[in-house]
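entry26.txt (compact mmCIF, C-alpha atoms and all ligand atoms)
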```txt
# COMPACT_ATOMS: atom_id res chain seq x y z
CA MET A 2 142.40 107.01 107.23
CA PHE A 3 144.42 104.07 108.55
CA ASP A 4 141.32 102.80 110.23
CA LEU A 5 139.57 102.63 106.89
CA PHE A 6 142.48 100.82 105.28
CA GLN A 7 142.55 98.27 108.12
CA ARG A 8 138.84 97.68 107.90
CA VAL A 9 139.05 97.28 104.14
CA GLY A 10 141.92 94.81 104.53
CA GLN A 11 139.94 92.59 106.91
CA LYS A 12 137.02 92.21 104.55
CA ASP A 13 136.49 89.82 101.73
CA PRO A 14 138.86 91.35 99.14
CA ASN A 15 136.17 91.15 96.50
CA ARG A 16 133.91 93.31 98.64
CA VAL A 17 136.41 96.12 99.22
CA VAL A 18 134.25 98.52 97.43
CA TYR A 19 131.83 101.35 97.75
CA ASP A 20 129.68 100.09 100.63
CA GLU A 21 132.30 100.94 103.29
CA PRO A 22 131.34 104.06 105.25
CA VAL A 23 133.84 106.85 104.70
CA ASP A 24 133.56 109.11 107.81
CA SER A 25 136.54 111.06 106.57
CA LEU A 26 138.06 114.38 107.49
CA ALA A 27 137.63 115.25 103.81
CA GLU A 28 133.87 114.84 104.10
CA LEU A 29 133.80 116.91 107.27
CA TYR A 30 135.93 119.61 105.67
CA HIS A 31 133.72 119.66 102.59
CA GLU A 32 130.64 120.01 104.75
CA ALA A 33 132.23 122.80 106.81
CA SER A 34 133.15 124.78 103.70
CA LYS A 35 129.66 124.79 102.17
CA ILE A 36 128.00 128.16 101.56
CA ASN A 37 124.44 128.41 102.81
CA GLU A 38 121.87 131.05 103.65
CA GLN A 39 123.14 131.21 107.26
CA ASN A 40 126.80 131.90 106.53
CA SER A 41 126.56 133.73 103.17
CA PRO A 42 125.61 137.18 104.60
CA SER A 43 128.70 137.31 106.81
CA LEU A 44 130.88 135.90 104.02
CA SER A 45 129.70 138.52 101.52
CA ARG A 46 130.00 141.29 104.16
CA HIS A 47 133.56 140.18 104.86
CA ILE A 48 134.44 140.10 101.12
CA GLY A 49 132.81 143.51 100.59
CA GLU A 50 134.73 145.02 103.51
CA ILE A 51 138.16 143.77 102.55
CA LEU A 52 137.67 144.83 98.93
CA GLN A 53 137.17 148.41 100.15
CA ARG A 54 140.53 148.55 101.87
CA ASP A 55 143.41 149.91 99.77
CA PHE A 56 145.83 148.05 101.97
CA TYR A 57 144.21 144.77 101.07
CA LEU A 58 143.89 145.61 97.36
CA LYS A 59 147.60 146.44 97.25
CA LEU A 60 148.34 143.18 99.01
CA ILE A 61 146.33 141.04 96.57
CA SER A 62 147.63 142.91 93.52
CA ARG A 63 150.99 141.18 94.05
CA PRO A 64 150.13 137.56 94.77
CA TYR A 65 153.53 135.98 94.16
CA LYS A 66 156.93 135.56 95.78
CA THR A 67 160.19 137.07 94.57
CA TYR A 68 163.81 136.17 95.29
CA PRO A 69 165.33 139.64 94.80
CA THR A 70 168.86 138.68 95.78
CA SER A 71 169.16 135.54 93.68
CA ASN A 72 170.63 135.31 90.15
CA SER A 73 167.76 135.46 87.70
CA THR A 74 167.50 134.44 84.04
CA ALA A 75 165.22 136.56 81.85
CA LEU A 76 162.83 134.40 79.86
CA PRO A 77 162.26 135.07 76.16
CA HIS A 78 158.85 136.37 75.14
CA SER A 79 159.16 135.29 71.54
CA PHE A 80 157.18 132.23 70.69
CA GLU A 81 158.35 129.75 68.13
CA GLY A 82 156.56 126.47 67.94
CA THR A 83 154.26 124.19 66.02
CA PRO A 84 150.88 125.43 64.72
CA LEU A 85 149.25 123.49 67.57
CA SER A 86 151.31 125.17 70.24
CA ALA A 87 150.73 128.56 68.58
CA SER A 88 146.96 128.05 68.79
CA LEU A 89 147.30 126.91 72.41
CA LYS A 90 149.11 130.12 73.20
CA GLU A 91 146.42 132.12 71.41
CA LEU A 92 143.74 130.37 73.45
CA VAL A 93 145.53 130.88 76.75
CA LEU A 94 145.97 134.58 75.96
CA LYS A 95 142.34 134.90 74.88
CA ARG A 96 140.86 133.27 77.97
CA ARG A 97 139.21 135.77 80.31
CA SER A 98 136.33 135.43 82.71
CA ILE A 99 133.21 136.56 80.88
CA ARG A 100 130.38 138.00 82.97
CA LYS A 101 128.09 139.27 80.21
CA PHE A 102 126.44 137.07 77.62
CA THR A 103 124.22 137.93 74.62
CA GLY A 104 121.59 135.27 75.23
CA ASN A 105 122.10 133.80 71.75
CA PRO A 106 121.78 130.02 71.59
CA ILE A 107 124.80 127.79 71.28
CA SER A 108 124.84 124.74 69.05
CA LEU A 109 124.58 121.17 70.29
CA ASN A 110 127.80 120.50 68.43
CA ALA A 111 129.61 123.22 70.41
CA LEU A 112 128.27 121.81 73.68
CA ALA A 113 129.30 118.27 72.66
CA ASN A 114 132.80 119.49 71.87
CA ILE A 115 133.19 121.18 75.22
CA ILE A 116 131.95 118.07 77.01
CA PHE A 117 134.28 115.78 75.09
CA HIS A 118 137.34 117.91 75.82
CA ALA A 119 136.27 118.31 79.43
CA TYR A 120 135.94 114.67 80.46
CA GLY A 121 135.48 112.49 77.39
CA VAL A 122 137.14 109.13 76.78
CA THR A 123 140.25 109.59 74.64
CA ALA A 124 141.99 106.22 74.87
CA LYS A 125 141.93 102.79 76.44
CA THR A 126 144.61 101.32 78.70
CA THR A 127 144.92 97.93 80.32
CA PHE A 128 145.16 97.61 84.12
CA LYS A 129 146.05 93.95 83.67
CA PRO A 130 145.10 91.40 81.01
CA GLY A 131 141.33 91.26 80.83
CA ILE A 132 140.74 94.46 82.83
CA ASP A 133 140.68 97.50 80.61
CA GLN A 134 140.30 101.08 81.67
CA LYS A 135 139.12 103.95 79.55
CA VAL A 136 141.17 107.08 80.07
CA ARG A 137 140.03 110.60 79.50
CA SER A 138 140.93 114.07 78.33
CA VAL A 139 142.39 114.90 81.77
CA PRO A 140 144.89 113.14 84.03
CA SER A 141 143.39 111.40 87.04
CA GLY A 142 145.10 110.24 90.25
CA GLY A 143 145.28 106.44 89.92
CA ALA A 144 142.99 106.67 86.84
CA LEU A 145 140.07 106.55 89.29
CA PHE A 146 138.10 109.41 87.69
CA PRO A 147 136.15 110.51 90.78
CA LEU A 148 134.23 113.22 88.91
CA GLU A 149 130.89 113.35 87.14
CA LEU A 150 129.82 116.01 84.68
CA TYR A 151 126.36 117.56 84.47
CA VAL A 152 125.11 120.23 82.14
CA ALA A 153 121.99 122.32 82.49
CA ALA A 154 120.94 123.32 78.97
CA HIS A 155 119.20 126.70 78.93
CA ASN A 156 119.47 127.74 75.31
CA VAL A 157 121.07 125.06 73.18
CA ARG A 158 119.85 124.45 69.64
CA ASP A 159 118.34 120.97 69.17
CA LEU A 160 118.42 120.17 72.89
CA ALA A 161 115.43 120.49 75.21
CA PRO A 162 116.11 122.71 78.24
CA GLY A 163 116.90 120.53 81.22
CA VAL A 164 119.55 119.03 83.44
CA TYR A 165 121.63 116.28 81.83
CA HIS A 166 124.29 113.92 83.08
CA TYR A 167 127.19 113.11 80.78
CA GLY A 168 127.08 109.46 79.79
CA VAL A 169 130.78 108.76 79.43
CA GLU A 170 130.55 105.33 77.85
CA ALA A 171 128.20 106.36 75.03
CA HIS A 172 129.27 110.04 74.83
CA SER A 173 125.66 111.03 75.39
CA LEU A 174 123.53 113.32 77.51
CA GLU A 175 121.23 111.47 79.91
CA MET A 176 118.31 113.61 80.94
CA VAL A 177 118.01 114.01 84.71
CA ARG A 178 115.11 116.46 84.63
CA GLU A 179 113.46 118.52 81.96
CA GLY A 180 112.88 122.25 82.36
CA GLN A 181 114.45 125.67 82.42
CA PHE A 182 116.70 126.07 85.45
CA ASN A 183 118.65 129.23 84.59
CA ALA A 184 116.77 131.37 87.12
CA GLN A 185 117.32 128.83 89.91
CA LEU A 186 120.97 128.41 89.00
CA GLY A 187 121.38 132.19 88.79
CA ARG A 188 120.20 132.49 92.39
CA ALA A 189 122.28 129.55 93.58
CA LEU A 190 125.41 130.93 91.87
CA PHE A 191 124.88 134.59 92.89
CA PHE A 192 124.51 135.89 89.32
CA GLU A 193 120.78 136.29 88.74
CA ASP A 194 120.98 138.89 85.95
CA MET A 195 123.81 137.22 84.08
CA PHE A 196 122.08 133.84 84.07
CA ARG A 197 119.16 135.20 82.03
CA ASN A 198 121.59 135.07 79.08
CA VAL A 199 123.72 132.03 79.90
CA SER A 200 123.19 129.22 77.39
CA ALA A 201 124.46 126.27 79.44
CA THR A 202 125.76 125.65 82.95
CA PHE A 203 128.24 122.92 83.73
CA VAL A 204 128.42 121.34 87.18
CA ILE A 205 131.43 119.17 87.99
CA THR A 206 130.64 116.87 90.88
CA GLY A 207 132.85 114.55 92.93
CA VAL A 208 132.27 110.99 94.15
CA LEU A 209 135.00 111.00 96.79
CA LYS A 210 134.75 107.32 97.58
CA ARG A 211 136.07 106.30 94.18
CA SER A 212 139.44 107.75 95.17
CA PHE A 213 139.15 107.41 98.94
CA ILE A 214 139.23 103.63 99.01
CA LYS A 215 142.70 103.80 97.48
CA TYR A 216 144.18 107.05 98.74
CA GLY A 217 142.40 107.86 102.00
CA GLU A 218 142.35 111.55 102.95
CA ARG A 219 144.79 112.40 100.13
CA ALA A 220 141.93 111.57 97.75
CA TYR A 221 140.24 114.90 98.47
CA ARG A 222 143.21 116.78 97.05
CA PHE A 223 143.30 114.55 93.98
CA MET A 224 139.60 115.03 93.38
CA MET A 225 139.83 118.83 93.57
CA LEU A 226 142.97 118.94 91.40
CA GLU A 227 141.18 116.88 88.77
CA ALA A 228 138.18 119.21 88.87
CA GLY A 229 140.61 122.03 88.04
CA HIS A 230 141.84 120.13 84.99
CA VAL A 231 138.28 119.57 83.79
CA GLY A 232 137.38 123.21 84.48
CA GLN A 233 140.32 124.47 82.43
CA ASN A 234 139.40 122.20 79.54
CA ILE A 235 135.81 123.48 79.64
CA CYS A 236 137.05 127.04 79.64
CA LEU A 237 139.64 126.71 76.87
CA SER A 238 137.28 124.69 74.65
CA ALA A 239 134.62 127.37 75.03
CA PHE A 240 137.10 130.02 73.89
CA ALA A 241 138.28 127.79 71.03
CA LEU A 242 134.65 127.82 69.85
CA ASP A 243 134.44 131.61 70.21
CA LEU A 244 132.16 131.29 73.21
CA GLY A 245 132.52 132.88 76.63
CA CYS A 246 132.92 131.13 79.95
CA LEU A 247 132.87 131.99 83.64
CA MET A 248 134.18 129.44 86.13
CA LEU A 249 132.26 129.71 89.39
CA GLY A 250 133.38 128.18 92.67
CA GLY A 251 131.10 130.18 94.98
CA PHE A 252 127.56 128.84 95.21
CA TYR A 253 124.90 127.58 97.55
CA ASP A 254 126.00 123.94 97.63
CA ASP A 255 122.69 122.45 98.69
CA ASP A 256 120.79 124.35 96.01
CA VAL A 257 123.10 123.28 93.20
CA ASP A 258 123.06 119.68 94.49
CA GLU A 259 119.28 119.72 94.52
CA ILE A 260 118.93 121.22 91.04
CA ILE A 261 121.07 118.49 89.50
CA GLY A 262 119.58 115.76 91.71
CA ILE A 263 122.50 114.57 93.87
CA ASP A 264 122.56 114.00 97.64
CA GLY A 265 125.48 116.33 98.51
CA VAL A 266 127.22 113.66 100.62
CA SER A 267 128.14 110.66 98.51
CA GLU A 268 128.30 112.97 95.51
CA THR A 269 128.96 116.68 95.87
CA SER A 270 129.00 119.72 93.58
CA LEU A 271 132.55 121.04 93.27
CA TYR A 272 132.90 123.54 90.47
CA THR A 273 130.62 125.13 87.91
CA ALA A 274 130.94 126.96 84.59
CA ALA A 275 128.57 129.31 82.81
CA ILE A 276 128.81 129.17 79.01
CA GLY A 277 127.31 131.30 76.29
CA THR A 278 128.05 133.77 73.54
CA ALA A 279 130.11 136.55 75.08
CA ASP A 280 128.73 140.09 75.00
CA LEU A 281 132.01 141.97 74.51
C1 LIG B 1 138.35 128.23 91.66
C2 LIG B 1 137.76 129.48 91.08
C3 LIG B 1 136.55 129.93 91.55
C4 LIG B 1 135.98 131.08 91.01
N1 LIG B 1 134.76 131.47 91.46
C5 LIG B 1 134.21 132.60 90.99
C6 LIG B 1 132.95 133.00 91.48
O1 LIG B 1 132.32 132.34 92.29
N2 LIG B 1 132.42 134.16 90.99
C7 LIG B 1 133.09 134.90 90.05
O2 LIG B 1 132.57 135.95 89.64
N3 LIG B 1 134.27 134.52 89.55
C8 LIG B 1 134.86 133.39 89.99
N4 LIG B 1 136.06 132.98 89.50
C9 LIG B 1 136.72 133.75 88.42
C10 LIG B 1 137.80 134.71 88.97
O3 LIG B 1 137.20 135.80 89.60
C11 LIG B 1 138.68 135.18 87.81
O4 LIG B 1 139.32 134.06 87.24
C12 LIG B 1 139.75 136.20 88.24
O5 LIG B 1 139.14 137.42 88.58
C13 LIG B 1 140.81 136.45 87.15
O6 LIG B 1 140.22 136.96 85.98
P1 LIG B 1 140.31 136.21 84.55
O7 LIG B 1 139.69 134.84 84.73
O8 LIG B 1 139.53 137.06 83.58
O9 LIG B 1 141.74 136.08 84.18
C14 LIG B 1 136.65 131.81 90.00
C15 LIG B 1 137.87 131.35 89.51
C16 LIG B 1 138.41 130.18 90.03
C17 LIG B 1 139.71 129.67 89.49
```
Here is the file; what I need is its structure written in the form of structure tokens.
Ligand SMILES: Cc1cc2nc3c(=O)[nH]c(=O)nc-3n(C[C@H](O)[C@H](O)[C@H](O)COP(=O)(O)O)c2cc1C
Amino acid sequence: MFDLFQRVGQKDPNRVVYDEPVDSLAELYHEASKINEQNSPSLSRHIGEILQRDFYLKLISRPYKTYPTSNSTALPHSFEGTPLSASLKELVLKRRSIRKFTGNPISLNALANIIFHAYGVTAKTTFKPGIDQKVRSVPSGGALFPLELYVAAHNVRDLAPGVYHYGVEAHSLEMVREGQFNAQLGRALFFEDMFRNVSATFVITGVLKRSFIKYGERAYRFMMLEAGHVGQNICLSAFALDLGCLMLGGFYDDDVDEIIGIDGVSETSLYTAAIGTADL
């Protein structure tokens, strides 16, 4: 990390940018945590085994700390607030992971709304006179916005099936490749049956370097935290539109990278979401 900062400092300050090699621990860690065909059998065996043990289930059924000897203050359950906060509470209560979809199409308007709330531009700020920065629906460490948003449309009215990249500036969908990729994504995300009825799949990717040149190794944390913000906005917007959503963090990295057309090194798939009409 310090090495990178020193090297950056020695260069022409106007060239500080994205052509520096990163060689970071973050990249190594990311690589080491990828799921692939070699390690997935032992990972799924391990998960299957621990889920069969009552001891483990009891352990994970209580995933929080308590301070039994400290003075505690009971919190009220009643909720008094503005109409906006009441609907936020309703949404938060309504949110559940949905694993069964009807296969009905969703509208382009619904998709556009989810995208806008996920990572759209909501305001403009000024770094310094003459250098503006557009800020988004989520907070971002240093306003560096290291994420990109892709959506694979499977069954969206008025939108050809295909993989699209979110064009932030124009609030548009830029086609990356045309075609129906729900079967491929179903395999890559370990939900083949469910994906027959998923209407759209979001893939949040990260371009680590955007944050790394400022924050070094800490950038990895910031990038992942931001992906969580975007994921939550995707999820809550879907529920606000009466749609269902499943956030998926387990997938064959290389396969998802390939489907959306990224190299998996300078830009990596981080988090995905399946969207559709919930089959309740
Ligand atoms: C980071 C993250 C990754 C997840 N990955 C998966 C996944 O790969 N497969 C899956 O079925 N669910 C996944 N989930 C959903 C969780 O299983 C689910 O949130 C949890 O069981 C709680 O249920 P609820 O969302 O209905 O409250 C993930 C959730 C999060 C936050």
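Once only C-alpha atoms and all ligand atoms are used for the distance check, the residues close to ligand LIG 1 (chain B) at 6 Å turn out to be Arg97, Ser98, Met248, Leu249, Gly250 and Gly251 of chain A.
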Write out as a ChimeraX atom specification which residues come within 7 Å of region 210-213 of chain A when counting all atoms listed in the file, dropping same-chain ones fewer than 5 positions away. /A:19,145,147,218,220
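Closest approach to Ile36 (chain A) among A:Ser270, A:Ser88, A:Thr126, A:Thr278 is made by A:Ser270 (distances from all atoms listed in the file).
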What does the distance between CA of Lys101 (chain A) and CA of Ile51 (chain A) come to in Å, to one decimal place?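 These two atoms are separated by 24.9 Å.
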Neighbour list for Ser200 (chain A) as a ChimeraX atom specification, cut-off 9 Å, all atoms listed in the file, skip fewer than 4 positions in-chain: /A:102,104-107,153-157,183,196,275-278
Identify which of the residues A:Leu190, A:Leu247, A:Ala241, A:Val164 lies closest to Ile260 (chain A), counting all atoms listed in the file when measuring atom-to-atom distances.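 For Ile260 (chain A), the nearest of the candidates is A:Val164.
Relative to CA of Arg188 (chain A), CA of Gly245 (chain A) is found at 20.0 Å.
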